[in-house]
$ cat work20.csv   # CSV, C-alpha atoms and all ligand atoms
chain,number,residue,atom,x,y,z
Q,1,MET,CA,18.2,-11.5,3.6
Q,2,LYS,CA,16.0,-12.5,6.5
Q,3,VAL,CA,13.2,-10.0,6.3
Q,4,LEU,CA,10.4,-9.2,8.8
Q,5,LEU,CA,7.2,-8.0,7.2
Q,6,THR,CA,5.0,-6.1,9.7
Q,7,GLY,CA,1.5,-6.2,8.3
Q,8,GLY,CA,2.7,-9.2,6.2
Q,9,THR,CA,-0.7,-10.9,5.7
Q,10,GLY,CA,-2.2,-7.7,4.4
Q,11,PHE,CA,-2.9,-6.7,0.7
Q,12,ILE,CA,0.5,-5.3,-0.2
Q,13,GLY,CA,2.5,-7.3,2.4
Q,14,SER,CA,1.3,-10.6,1.0
Q,15,HIS,CA,2.3,-9.8,-2.5
Q,16,THR,CA,5.6,-8.6,-1.3
Q,17,ALA,CA,6.1,-11.8,0.6
Q,18,VAL,CA,5.6,-13.7,-2.6
Q,19,CYS,CA,8.1,-11.5,-4.5
Q,20,LEU,CA,10.7,-11.8,-1.7
Q,21,ILE,CA,10.5,-15.5,-1.5
Q,22,GLU,CA,10.7,-15.8,-5.3
Q,23,SER,CA,13.8,-13.6,-5.1
Q,24,GLY,CA,15.5,-16.0,-2.7
Q,25,HIS,CA,14.9,-14.0,0.6
Q,26,THR,CA,13.4,-15.4,3.8
Q,27,ALA,CA,10.1,-13.7,4.7
Q,28,VAL,CA,8.7,-13.7,8.3
Q,29,LEU,CA,5.2,-12.3,8.6
Q,30,TYR,CA,4.2,-10.4,11.7
Q,31,ASP,CA,0.6,-9.2,11.9
Q,32,ASN,CA,-2.2,-8.8,14.5
Q,33,LEU,CA,-4.8,-9.9,11.9
Q,34,SER,CA,-6.9,-6.7,12.5
Q,35,ASN,CA,-7.4,-6.4,8.7
Q,36,SER,CA,-6.3,-9.7,7.2
Q,37,LYS,CA,-6.7,-13.4,7.6
Q,38,PRO,CA,-4.2,-16.2,8.5
Q,39,GLU,CA,-5.3,-18.2,5.4
Q,40,VAL,CA,-3.1,-15.7,3.4
Q,41,VAL,CA,-0.1,-17.7,4.6
Q,42,ASP,CA,-1.5,-20.9,2.9
Q,43,ALA,CA,-2.0,-18.9,-0.3
Q,44,ILE,CA,1.6,-17.6,-0.2
Q,45,GLU,CA,2.8,-21.2,0.3
Q,46,THR,CA,0.6,-22.4,-2.7
Q,47,ILE,CA,2.0,-19.7,-4.9
Q,48,THR,CA,5.7,-20.0,-4.0
Q,49,GLY,CA,6.0,-23.6,-2.7
Q,50,ALA,CA,7.6,-22.2,0.5
Q,51,ARG,CA,5.7,-21.5,3.7
Q,52,PRO,CA,6.8,-18.2,5.4
Q,53,ALA,CA,6.9,-18.1,9.2
Q,54,PHE,CA,3.9,-16.3,10.6
Q,55,VAL,CA,3.9,-14.6,14.0
Q,56,GLU,CA,0.6,-13.2,15.3
Q,57,GLY,CA,1.6,-10.1,17.1
Q,58,ASP,CA,1.0,-6.3,17.4
Q,59,ILE,CA,3.7,-3.7,16.5
Q,60,ARG,CA,2.8,-2.0,19.8
Q,61,ASP,CA,4.1,-5.1,21.7
Q,62,GLY,CA,7.8,-4.3,22.0
Q,63,ALA,CA,8.8,-7.5,23.8
Q,64,LYS,CA,7.2,-9.7,21.2
Q,65,LEU,CA,9.0,-7.8,18.4
Q,66,VAL,CA,12.3,-8.2,20.1
Q,67,GLU,CA,11.7,-11.9,20.6
Q,68,THR,CA,10.8,-12.3,16.9
Q,69,LEU,CA,13.7,-10.2,15.6
Q,70,LYS,CA,16.1,-12.3,17.6
Q,71,ALA,CA,14.4,-15.7,17.0
Q,72,TYR,CA,14.5,-15.3,13.2
Q,73,GLU,CA,17.8,-13.4,13.1
Q,74,ILE,CA,16.2,-10.6,11.1
Q,75,ASP,CA,18.4,-8.4,8.8
Q,76,ALA,CA,15.8,-5.9,7.7
Q,77,VAL,CA,12.2,-4.9,8.2
Q,78,ILE,CA,9.5,-3.9,5.7
Q,79,HIS,CA,7.0,-2.0,7.7
Q,80,PHE,CA,3.4,-2.3,6.2
Q,81,ALA,CA,1.5,-2.6,9.5
Q,82,GLY,CA,-0.9,0.3,9.9
Q,83,LEU,CA,-4.5,1.3,9.8
Q,84,LYS,CA,-5.4,3.0,6.5
Q,85,ALA,CA,-9.1,4.0,6.4
Q,86,VAL,CA,-9.2,7.7,5.8
Q,87,GLY,CA,-12.7,8.3,7.1
Q,88,GLU,CA,-12.2,6.2,10.2
Q,89,SER,CA,-9.0,8.2,11.0
Q,90,VAL,CA,-11.1,11.3,11.1
Q,91,GLU,CA,-13.5,9.7,13.6
Q,92,LYS,CA,-10.8,8.0,15.7
Q,93,PRO,CA,-7.6,10.0,15.5
Q,94,LEU,CA,-6.2,8.6,18.7
Q,95,LEU,CA,-6.5,5.1,17.4
Q,96,TYR,CA,-4.6,6.0,14.3
Q,97,TYR,CA,-1.9,7.9,16.2
Q,98,ASP,CA,-1.5,5.0,18.7
Q,99,ASN,CA,-1.5,2.2,16.1
Q,100,ASN,CA,0.5,3.9,13.4
Q,101,ILE,CA,2.8,6.3,15.2
Q,102,ALA,CA,3.3,4.7,18.6
Q,103,GLY,CA,3.5,1.3,16.9
Q,104,THR,CA,6.2,2.5,14.6
Q,105,VAL,CA,8.2,4.0,17.5
Q,106,THR,CA,7.9,0.7,19.3
Q,107,LEU,CA,9.1,-1.1,16.2
Q,108,LEU,CA,12.1,1.2,15.8
Q,109,GLN,CA,13.1,0.8,19.5
Q,110,ALA,CA,12.9,-3.0,19.2
Q,111,MET,CA,15.1,-2.8,16.0
Q,112,LYS,CA,17.6,-0.7,17.9
Q,113,GLU,CA,17.8,-3.2,20.7
Q,114,CYS,CA,18.4,-6.0,18.2
Q,115,GLY,CA,20.9,-4.1,16.0
Q,116,VAL,CA,18.6,-4.2,13.0
Q,117,ASN,CA,19.2,-1.0,11.0
Q,118,LYS,CA,17.4,-1.3,7.6
Q,119,LEU,CA,13.8,-0.3,7.2
Q,120,ILE,CA,11.5,0.0,4.2
Q,121,PHE,CA,8.4,2.0,5.1
Q,122,SER,CA,5.0,2.1,3.4
Q,123,SER,CA,4.5,5.8,2.8
Q,124,SER,CA,1.9,7.3,0.6
Q,125,SER,CA,1.3,10.0,-2.1
Q,126,THR,CA,-1.0,11.6,0.6
Q,127,VAL,CA,2.2,13.2,2.1
Q,128,TYR,CA,2.2,15.7,-0.8
Q,129,GLY,CA,-1.2,17.1,0.2
Q,130,THR,CA,-2.9,19.0,-2.6
Q,131,PRO,CA,-0.5,19.0,-5.5
Q,132,VAL,CA,0.8,22.4,-6.6
Q,133,SER,CA,1.9,21.0,-9.9
Q,134,LEU,CA,2.1,17.6,-11.6
Q,135,PRO,CA,3.8,15.2,-11.9
Q,136,LEU,CA,4.9,14.9,-8.2
Q,137,THR,CA,8.6,14.6,-7.7
Q,138,GLU,CA,10.2,13.7,-4.4
Q,139,ASP,CA,12.1,17.0,-4.1
Q,140,MET,CA,8.8,18.9,-3.9
Q,141,PRO,CA,7.9,20.0,-0.4
Q,142,THR,CA,5.5,17.7,1.4
Q,143,GLY,CA,2.1,19.3,1.9
Q,144,THR,CA,-0.7,19.1,4.4
Q,145,PRO,CA,-2.5,15.8,4.3
Q,146,THR,CA,-6.2,16.3,4.7
Q,147,ASN,CA,-6.8,13.7,7.4
Q,148,PRO,CA,-5.1,12.0,10.5
Q,149,TYR,CA,-4.3,8.9,8.5
Q,150,GLY,CA,-2.2,11.0,6.0
Q,151,ARG,CA,-0.6,12.9,8.9
Q,152,THR,CA,0.6,9.6,10.4
Q,153,LYS,CA,2.4,8.9,7.2
Q,154,LEU,CA,4.1,12.3,7.1
Q,155,MET,CA,5.0,12.1,10.8
Q,156,ILE,CA,6.5,8.7,10.4
Q,157,GLU,CA,8.6,9.9,7.4
Q,158,GLU,CA,9.9,12.7,9.7
Q,159,ILE,CA,10.6,10.4,12.6
Q,160,LEU,CA,12.7,8.2,10.3
Q,161,ARG,CA,14.5,11.3,9.0
Q,162,ASP,CA,15.5,12.2,12.5
Q,163,LEU,CA,16.5,8.7,13.3
Q,164,CYS,CA,18.8,8.6,10.3
Q,165,GLU,CA,20.4,11.9,11.4
Q,166,ALA,CA,21.0,10.5,14.9
Q,167,GLN,CA,22.2,7.0,13.7
Q,168,PRO,CA,24.1,7.4,10.4
Q,169,GLU,CA,24.3,3.7,10.0
Q,170,PHE,CA,20.5,3.5,9.7
Q,171,ALA,CA,18.9,3.0,6.3
Q,172,ALA,CA,15.3,4.1,5.9
Q,173,VAL,CA,13.6,4.0,2.5
Q,174,CYS,CA,10.1,5.6,2.5
Q,175,LEU,CA,8.2,4.3,-0.5
Q,176,ARG,CA,5.4,6.7,-1.5
Q,177,TYR,CA,2.8,4.5,-3.1
Q,178,PHE,CA,0.3,6.1,-5.4
Q,179,ASN,CA,-2.9,4.0,-5.8
Q,180,PRO,CA,-2.1,0.3,-5.5
Q,181,ILE,CA,-4.7,-2.0,-7.1
Q,182,GLY,CA,-4.9,-5.4,-8.9
Q,183,ALA,CA,-4.0,-8.8,-7.5
Q,184,HIS,CA,-1.5,-11.7,-8.0
Q,185,ASP,CA,-2.2,-13.5,-11.3
Q,186,SER,CA,-3.0,-16.7,-9.5
Q,187,GLY,CA,-6.1,-15.1,-8.1
Q,188,LEU,CA,-5.2,-16.5,-4.7
Q,189,ILE,CA,-4.3,-13.2,-3.0
Q,190,GLY,CA,-5.8,-9.7,-3.5
Q,191,GLU,CA,-7.6,-6.9,-1.8
Q,192,ASP,CA,-10.7,-7.9,0.2
Q,193,PRO,CA,-11.9,-5.1,2.4
Q,194,ASN,CA,-14.5,-5.7,5.1
Q,195,GLY,CA,-17.8,-4.0,4.6
Q,196,ILE,CA,-18.5,-1.5,1.9
Q,197,PRO,CA,-15.2,-0.6,0.2
Q,198,ASN,CA,-13.9,3.0,0.4
Q,199,ASN,CA,-11.6,2.7,-2.5
Q,200,LEU,CA,-12.6,2.7,-6.1
Q,201,LEU,CA,-11.3,-0.6,-7.4
Q,202,PRO,CA,-12.7,-3.0,-4.8
Q,203,TYR,CA,-16.0,-1.1,-5.2
Q,204,VAL,CA,-16.0,-1.5,-9.0
Q,205,ALA,CA,-15.1,-5.2,-8.6
Q,206,ARG,CA,-18.1,-5.8,-6.3
Q,207,VAL,CA,-20.4,-4.1,-8.8
Q,208,ALA,CA,-19.0,-6.4,-11.5
Q,209,SER,CA,-19.8,-9.5,-9.3
Q,210,GLY,CA,-23.3,-8.3,-8.5
Q,211,LYS,CA,-22.6,-7.7,-4.8
Q,212,LEU,CA,-23.2,-3.9,-5.2
Q,213,GLU,CA,-25.7,-2.3,-7.5
Q,214,TYR,CA,-23.8,0.5,-9.2
Q,215,VAL,CA,-20.5,2.5,-9.0
Q,216,ARG,CA,-20.8,5.8,-7.2
Q,217,VAL,CA,-18.7,8.3,-9.2
Q,218,PHE,CA,-17.7,11.0,-6.8
Q,219,GLY,CA,-18.0,14.2,-8.9
Q,220,ASP,CA,-17.7,14.9,-12.6
Q,221,ASP,CA,-16.9,18.6,-12.4
Q,222,TYR,CA,-13.2,18.4,-11.6
Q,223,PRO,CA,-10.8,20.3,-13.9
Q,224,THR,CA,-9.8,17.0,-15.6
Q,225,PRO,CA,-10.4,15.8,-19.2
Q,226,ASP,CA,-13.7,14.0,-18.4
Q,227,GLY,CA,-14.4,15.8,-15.1
Q,228,THR,CA,-13.8,12.8,-12.9
Q,229,GLY,CA,-10.9,12.3,-10.5
Q,230,VAL,CA,-7.5,11.2,-11.9
Q,231,ARG,CA,-5.1,8.9,-10.1
Q,232,ASP,CA,-1.9,7.1,-10.8
Q,233,TYR,CA,-3.0,3.4,-10.3
Q,234,ILE,CA,-0.1,1.0,-9.8
Q,235,HIS,CA,-0.3,-2.8,-10.0
Q,236,VAL,CA,0.3,-4.4,-6.6
Q,237,VAL,CA,2.8,-6.9,-8.1
Q,238,ASP,CA,4.9,-4.0,-9.6
Q,239,LEU,CA,4.7,-2.4,-6.2
Q,240,ALA,CA,5.8,-5.6,-4.4
Q,241,ARG,CA,8.8,-5.8,-6.7
Q,242,GLY,CA,9.7,-2.3,-5.8
Q,243,HIS,CA,10.1,-3.4,-2.1
Q,244,VAL,CA,12.6,-6.1,-3.1
Q,245,ASP,CA,14.6,-3.5,-5.1
Q,246,ALA,CA,14.4,-1.1,-2.2
Q,247,LEU,CA,15.8,-3.7,0.1
Q,248,THR,CA,18.8,-4.2,-2.1
Q,249,TYR,CA,19.3,-0.5,-2.1
Q,250,ALA,CA,19.1,-0.2,1.7
Q,251,GLU,CA,21.7,-3.0,2.0
Q,252,ASN,CA,24.2,-0.7,0.2
Q,253,HIS,CA,23.1,2.8,1.2
Q,254,ALA,CA,22.6,4.1,4.7
Q,255,GLY,CA,20.5,7.3,5.3
Q,256,TRP,CA,17.0,8.5,4.5
Q,257,GLU,CA,15.3,8.4,1.1
Q,258,ALA,CA,11.7,9.0,-0.2
Q,259,ILE,CA,10.9,7.3,-3.5
Q,260,ASN,CA,7.6,7.5,-5.5
Q,261,LEU,CA,6.2,4.2,-6.7
Q,262,GLY,CA,3.7,4.8,-9.5
Q,263,THR,CA,3.4,4.5,-13.2
Q,264,GLY,CA,3.6,8.2,-14.0
Q,265,ARG,CA,0.3,8.0,-15.8
Q,266,GLY,CA,-3.1,9.1,-14.5
Q,267,SER,CA,-6.5,7.4,-15.2
Q,268,SER,CA,-9.9,8.9,-14.5
Q,269,VAL,CA,-12.7,7.2,-12.7
Q,270,LEU,CA,-14.6,6.8,-16.0
Q,271,GLU,CA,-11.5,5.3,-17.6
Q,272,VAL,CA,-11.1,2.8,-14.8
Q,273,ILE,CA,-14.8,1.8,-15.1
Q,274,ALA,CA,-14.3,1.3,-18.9
Q,275,ALA,CA,-11.1,-0.8,-18.4
Q,276,PHE,CA,-12.9,-3.0,-15.8
Q,277,GLU,CA,-15.9,-3.4,-18.2
Q,278,LYS,CA,-13.4,-4.7,-20.8
Q,279,ALA,CA,-11.8,-7.1,-18.2
Q,280,CYS,CA,-15.1,-8.5,-17.0
Q,281,GLY,CA,-17.0,-8.4,-20.4
Q,282,LYS,CA,-20.1,-6.6,-19.1
Q,283,LYS,CA,-21.4,-3.1,-18.8
Q,284,LEU,CA,-21.1,-1.6,-15.3
Q,285,PRO,CA,-23.8,0.7,-14.1
Q,286,TYR,CA,-22.7,4.0,-12.5
Q,287,LYS,CA,-24.2,7.1,-11.0
Q,288,VAL,CA,-22.5,10.5,-10.7
Q,289,LEU,CA,-22.8,11.8,-7.1
Q,290,GLN,CA,-21.4,14.8,-5.3
Q,291,ARG,CA,-17.6,15.2,-4.8
Q,292,ARG,CA,-16.3,13.3,-1.8
Q,293,ALA,CA,-15.0,15.5,1.0
Q,294,GLY,CA,-11.2,15.8,1.1
Q,295,ASP,CA,-10.6,14.4,-2.5
Q,296,ILE,CA,-8.2,16.1,-4.8
Q,297,ALA,CA,-8.8,16.5,-8.5
Q,298,ALA,CA,-5.7,14.7,-9.8
Q,299,ASN,CA,-2.4,13.2,-8.9
Q,300,TRP,CA,0.3,11.2,-10.6
Q,301,CYS,CA,4.0,10.9,-10.0
Q,302,CYS,CA,7.2,11.2,-11.8
Q,303,PRO,CA,8.7,7.7,-11.2
Q,304,ASP,CA,12.2,8.6,-12.5
Q,305,LYS,CA,13.9,8.4,-9.1
Q,306,ALA,CA,12.8,4.8,-8.5
Q,307,GLU,CA,14.3,3.9,-11.9
Q,308,LYS,CA,17.5,5.8,-11.1
Q,309,LEU,CA,18.1,4.5,-7.6
Q,310,LEU,CA,16.4,1.1,-7.6
Q,311,GLY,CA,16.4,0.2,-11.3
Q,312,TRP,CA,12.6,-0.2,-10.9
Q,313,LYS,CA,9.9,0.7,-13.4
Q,314,ALA,CA,6.2,-0.3,-13.5
Q,315,GLN,CA,5.5,-3.0,-16.1
Q,316,TYR,CA,1.8,-3.3,-16.0
Q,317,GLY,CA,-1.0,-1.0,-17.2
Q,318,ILE,CA,-4.6,-0.5,-16.2
Q,319,ALA,CA,-5.8,-3.4,-18.3
Q,320,GLU,CA,-3.7,-6.0,-16.4
Q,321,MET,CA,-4.6,-4.3,-13.1
Q,322,CYS,CA,-8.4,-4.7,-13.8
Q,323,SER,CA,-8.1,-8.2,-15.2
Q,324,SER,CA,-6.2,-9.5,-12.2
Q,325,SER,CA,-8.5,-7.7,-9.8
Q,326,TRP,CA,-11.5,-9.3,-11.6
Q,327,LYS,CA,-9.9,-12.8,-11.5
Q,328,PHE,CA,-9.4,-12.4,-7.7
Q,329,GLU,CA,-13.0,-11.2,-7.2
Q,330,ARG,CA,-14.4,-14.1,-9.3
Q,331,MET,CA,-12.4,-16.8,-7.4
Q,332,HIS,CA,-13.3,-15.2,-4.2
Q,333,THR,CA,-17.0,-14.9,-4.9
Q,334,GLN,CA,-17.1,-18.5,-6.0
Q,335,ALA,CA,-15.3,-19.6,-2.9
Q,336,LYS,CA,-17.8,-17.9,-0.6
C,401,LIG,P1,-3.8,-3.9,4.7
C,401,LIG,O1,-4.8,-3.4,5.8
C,401,LIG,O2,-4.3,-4.9,3.8
C,401,LIG,O3,-2.5,-4.4,5.5
C,401,LIG,C1,-2.0,-3.8,6.7
C,401,LIG,C2,-1.8,-5.0,7.7
C,401,LIG,O4,-1.3,-4.5,8.9
C,401,LIG,C3,-3.1,-5.8,8.0
C,401,LIG,O5,-2.9,-7.1,7.7
C,401,LIG,C4,-3.3,-5.5,9.4
C,401,LIG,O6,-3.9,-6.6,10.1
C,401,LIG,C5,-1.9,-5.2,9.9
C,401,LIG,N1,-1.9,-4.3,11.1
C,401,LIG,C6,-2.5,-3.2,11.3
C,401,LIG,N2,-2.2,-2.7,12.6
C,401,LIG,C7,-1.3,-3.5,13.1
C,401,LIG,C8,-0.6,-3.6,14.3
C,401,LIG,N3,-0.8,-2.7,15.3
C,401,LIG,N4,0.2,-4.6,14.6
C,401,LIG,C9,0.4,-5.6,13.7
C,401,LIG,N5,-0.3,-5.6,12.5
C,401,LIG,C10,-1.1,-4.6,12.2
C,401,LIG,O7,-3.3,-2.6,4.0
C,401,LIG,P2,-2.4,-2.5,2.7
C,401,LIG,O8,-3.2,-1.9,1.6
C,401,LIG,O9,-1.6,-3.8,2.5
C,401,LIG,O10,-1.4,-1.4,3.2
C,401,LIG,C11,-0.1,-1.7,3.7
C,401,LIG,C12,0.6,-0.4,4.1
C,401,LIG,O11,0.7,0.5,3.0
C,401,LIG,C13,-0.2,0.5,5.2
C,401,LIG,O12,0.7,1.0,6.0
C,401,LIG,C14,-0.9,1.5,4.4
C,401,LIG,O13,-1.1,2.7,5.1
C,401,LIG,C15,0.1,1.8,3.3
C,401,LIG,N6,-0.5,2.3,2.0
C,401,LIG,C16,-1.5,1.7,1.4
C,401,LIG,C17,-2.1,2.2,0.3
C,401,LIG,C18,-3.3,1.5,-0.3
C,401,LIG,O14,-4.0,2.2,-1.1
C,401,LIG,N7,-3.5,0.3,-0.1
C,401,LIG,C19,-1.6,3.4,-0.3
C,401,LIG,C20,-0.5,4.0,0.4
C,401,LIG,C21,0.1,3.5,1.5
C,402,LIG,C1,-9.8,7.1,-6.3
C,402,LIG,C2,-10.7,8.0,-7.2
C,402,LIG,C3,-12.4,9.1,-5.9
C,402,LIG,C4,-14.5,5.5,-4.6
C,402,LIG,C5,-6.9,6.8,-1.0
C,402,LIG,C6,-6.2,7.4,0.2
C,402,LIG,C7,-4.7,7.5,-0.1
C,402,LIG,C8,-4.2,6.1,-0.4
C,402,LIG,C9,-5.0,5.4,-1.5
C,402,LIG,C10,-3.3,5.0,1.5
C,402,LIG,C11,-11.0,9.3,-6.6
C,402,LIG,C12,-13.0,8.1,-6.8
C,402,LIG,C13,-13.6,6.4,-5.2
C,402,LIG,C14,-15.8,5.4,-5.1
C,402,LIG,C15,-15.2,7.1,-6.7
C,402,LIG,N1,-4.2,5.2,0.7
C,402,LIG,N2,-14.0,7.2,-6.2
C,402,LIG,N3,-16.1,6.2,-6.2
C,402,LIG,O1,-8.8,8.7,-2.5
C,402,LIG,O2,-7.1,8.5,-4.4
C,402,LIG,O3,-6.7,7.5,-2.2
C,402,LIG,O4,-6.4,5.4,-1.2
C,402,LIG,O5,-2.4,5.7,1.7
C,402,LIG,O6,-4.2,8.0,1.1
C,402,LIG,O7,-6.8,8.7,0.3
C,402,LIG,O8,-8.3,6.4,-3.6
C,402,LIG,O9,-9.7,4.6,-4.5
C,402,LIG,O10,-10.6,6.0,-2.7
C,402,LIG,O11,-10.3,7.0,-5.0
C,402,LIG,O12,-15.6,7.9,-7.7
C,402,LIG,O13,-16.6,4.6,-4.7
C,402,LIG,O14,-12.0,7.3,-7.3
C,402,LIG,O15,-13.1,10.3,-5.8
C,402,LIG,O16,-11.1,10.3,-7.6
C,402,LIG,P1,-7.8,7.9,-3.2
C,402,LIG,P2,-9.8,5.9,-3.9
$ encode --input "work20.csv" --output "structure tokens" --more "lines below"
Ligand code: NAD
Ligand code: WQD
Amino acid sequence: MKVLLTGGTGFIGSHTAVCLIESGHTAVLYDNLSNSKPEVVDAIETITGARPAFVEGDIRDGAKLVETLKAYEIDAVIHFAGLKAVGESVEKPLLYYDNNIAGTVTLLQAMKECGVNKLIFSSSSTVYGTPVSLPLTEDMPTGTPTNPYGRTKLMIEEILRDLCEAQPEFAAVCLRYFNPIGAHDSGLIGEDPNGIPNNLLPYVARVASGKLEYVRVFGDDYPTPDGTGVRDYIHVVDLARGHVDALTYAENHAGWEAINLGTGRGSSVLEVIAAFEKACGKKLPYKVLQRRAGDIAANWCCPDKAEKLLGWKAQYGIAEMCSSSWKFERMHTQAK
């Protein structure tokens, strides 16, 4: 298939582009570069031997989207483009509603104009809100996300559900990612946030490379085995493969689906630090601080629906996630 990847030069988009190309699809990357760099296209070419087309554009620019969908005769869209910083979304809700919601509506209108009716959407475990019980299954009711970012994910899922009702030929697969981490094993693409990282893994990686002094552990008084927060970390390469499988599914099934992508296993903050220490071969200093506002104690998913519908199952564990993340961090640190 000829696939448009909005947000295609980002962390998850770039790994999915590699996976799509390796599976014989054509990938066209569409990104406004607000949180990624054009050099990612070179890295994808180095890894796969094929250079994907890249269009610098914004998902709020309907005319450019129509032009791109037509020029590349796109069959399906994987929609990664969006802003994702939880704290920033609290400070700038309108920016998030404009970029994520208005941007998605503009994309869907452009797809309609061009007769493209298959979409894979980057949703998030955040749509479940505070879990009532674990593991999380897709038939559980969605909850109340604790921030505007999370609400954009829930609203977009609902917009897609309405669209599928109105246009029965439309296929929308909402992939609810748990906590994506890790990097491609080449070390050429990975997660490289600007400024001080919000998420645990990039923060730990920067402590390992000496760019940050110690890991801040946000709370050790949660009702979890060691008191620190538990999450279902998922290797970004496994996640990328899930998109290719979802595309095959959307080719054969119209309608709306939500599917969890996670391993089904939770790891605590202290377990992640220990796994990273093993990967980098050094002790990582940490300090226990207060809980971070808005954090939940634990979440992990039941990944059975992904296996049943997509034939997908995570292959990598926390050791491979940390070692690939460390390789990317090292290559990156040396390159700078
Ligand atoms: P990322 O920031 O690396 O990638 C997103 C890309 O979208 C960036 O390259 C950015 O430049 C681009 N973009 C943003 N707004 C745009 C716009 N208006 N027009 C065009 N391009 C735009 O983030 P990621 O981690 O790769 O996440 C991809 C998607 O997955 C996002 O929608 C995110 O909300 C979702 N998600 C991410 C996580 C995570 O922990 N990384 C978890 C759940 C869901
Ligand atoms: C993981 C654990 C923290 C940083 C966020 C979004 C979610 C999704 C993924 C997009 C928690 C602890 C963290 C640190 C720490 N994104 N932690 N020190 O909060 O589970 O999810 O990213 O959809 O919507 O909310 O991920 O990596 O920030 O935190 O102790 O410096 O690590 O308290 O227990 P989170 P995270």
$ residues_around --input "work20.csv" --residues "Asn100 (chain Q)" --least-positions-apart "2" --cutoff "12 Å" --atoms "all atoms listed in the file" --output "JSON, numbers by chain"
{"Q": [6, 7, 58, 59, 60, 79, 80, 81, 82, 83, 84, 85, 89, 93, 94, 95, 96, 97, 98, 102, 103, 104, 105, 106, 107, 121, 122, 123, 148, 149, 150, 151, 152, 153, 154, 155, 156, 157]}
$ closest_residue --input "work20.csv" --among "Q:Glu257, Q:Asp220, Q:Glu39, Q:Asp31" --to "Glu158 (chain Q)" --atoms "all atoms listed in the file"
Q:Glu257
$ atom_distance --input "work20.csv" --atom1 "CA of Arg206 (chain Q)" --atom2 "CA of Lys37 (chain Q)"
19.5 Å
$ residues_near_ligand --input "work20.csv" --ligand "ligand LIG 402 (chain C)" --cutoff "8 Å" --atoms "all atoms listed in the file" --output "mmCIF file with C-alpha atoms, in the frame of the given file"
data_model
loop_
_atom_site.group_PDB
_atom_site.id
_atom_site.type_symbol
_atom_site.label_atom_id
_atom_site.label_comp_id
_atom_site.auth_asym_id
_atom_site.auth_seq_id
_atom_site.Cartn_x
_atom_site.Cartn_y
_atom_site.Cartn_z
ATOM 1 C CA LYS Q 84 -5.400 3.000 6.500
ATOM 2 C CA ALA Q 85 -9.100 4.000 6.400
ATOM 3 C CA VAL Q 86 -9.200 7.700 5.800
ATOM 4 C CA SER Q 123 4.500 5.800 2.800
ATOM 5 C CA SER Q 124 1.900 7.300 0.600
ATOM 6 C CA SER Q 125 1.300 10.000 -2.100
ATOM 7 C CA THR Q 126 -1.000 11.600 0.600
ATOM 8 C CA TYR Q 149 -4.300 8.900 8.500
ATOM 9 C CA GLY Q 150 -2.200 11.000 6.000
ATOM 10 C CA LYS Q 153 2.400 8.900 7.200
ATOM 11 C CA TYR Q 177 2.800 4.500 -3.100
ATOM 12 C CA PHE Q 178 0.300 6.100 -5.400
ATOM 13 C CA ASN Q 179 -2.900 4.000 -5.800
ATOM 14 C CA PRO Q 180 -2.100 0.300 -5.500
ATOM 15 C CA PRO Q 197 -15.200 -0.600 0.200
ATOM 16 C CA ASN Q 198 -13.900 3.000 0.400
ATOM 17 C CA ASN Q 199 -11.600 2.700 -2.500
ATOM 18 C CA LEU Q 200 -12.600 2.700 -6.100
ATOM 19 C CA LEU Q 201 -11.300 -0.600 -7.400
ATOM 20 C CA TYR Q 203 -16.000 -1.100 -5.200
ATOM 21 C CA VAL Q 204 -16.000 -1.500 -9.000
ATOM 22 C CA VAL Q 215 -20.500 2.500 -9.000
ATOM 23 C CA ARG Q 216 -20.800 5.800 -7.200
ATOM 24 C CA VAL Q 217 -18.700 8.300 -9.200
ATOM 25 C CA PHE Q 218 -17.700 11.000 -6.800
ATOM 26 C CA GLY Q 219 -18.000 14.200 -8.900
ATOM 27 C CA THR Q 228 -13.800 12.800 -12.900
ATOM 28 C CA GLY Q 229 -10.900 12.300 -10.500
ATOM 29 C CA VAL Q 230 -7.500 11.200 -11.900
ATOM 30 C CA ARG Q 231 -5.100 8.900 -10.100
ATOM 31 C CA SER Q 268 -9.900 8.900 -14.500
ATOM 32 C CA VAL Q 269 -12.700 7.200 -12.700
ATOM 33 C CA VAL Q 288 -22.500 10.500 -10.700
ATOM 34 C CA ARG Q 291 -17.600 15.200 -4.800
ATOM 35 C CA ARG Q 292 -16.300 13.300 -1.800
ATOM 36 C CA ASP Q 295 -10.600 14.400 -2.500
ATOM 37 C CA ILE Q 296 -8.200 16.100 -4.800
ATOM 38 C CA ALA Q 297 -8.800 16.500 -8.500
ATOM 39 C CA ALA Q 298 -5.700 14.700 -9.800
#
$ closest_residue --input "work20.csv" --among "Q:Gly143, Q:Pro225, Q:Pro193, Q:Gly129" --to "ligand LIG 401 (chain C)" --atoms "all atoms listed in the file"
Q:Pro193
$ atom_distance --input "work20.csv" --atom1 "CA of Leu309 (chain Q)" --atom2 "CA of Pro131 (chain Q)"
23.7 Å
$ atom_distance --input "work20.csv" --atom1 "CA of Thr146 (chain Q)" --atom2 "CA of Glu271 (chain Q)"
25.4 Å
$ residues_around --input "work20.csv" --residues "Ser209 (chain Q)" --least-positions-apart "2" --cutoff "12 Å" --atoms "only C-alpha atoms" --output "PyMOL selection string"
chain Q and resi 202-207+211-214+276-277+280-285+325-334
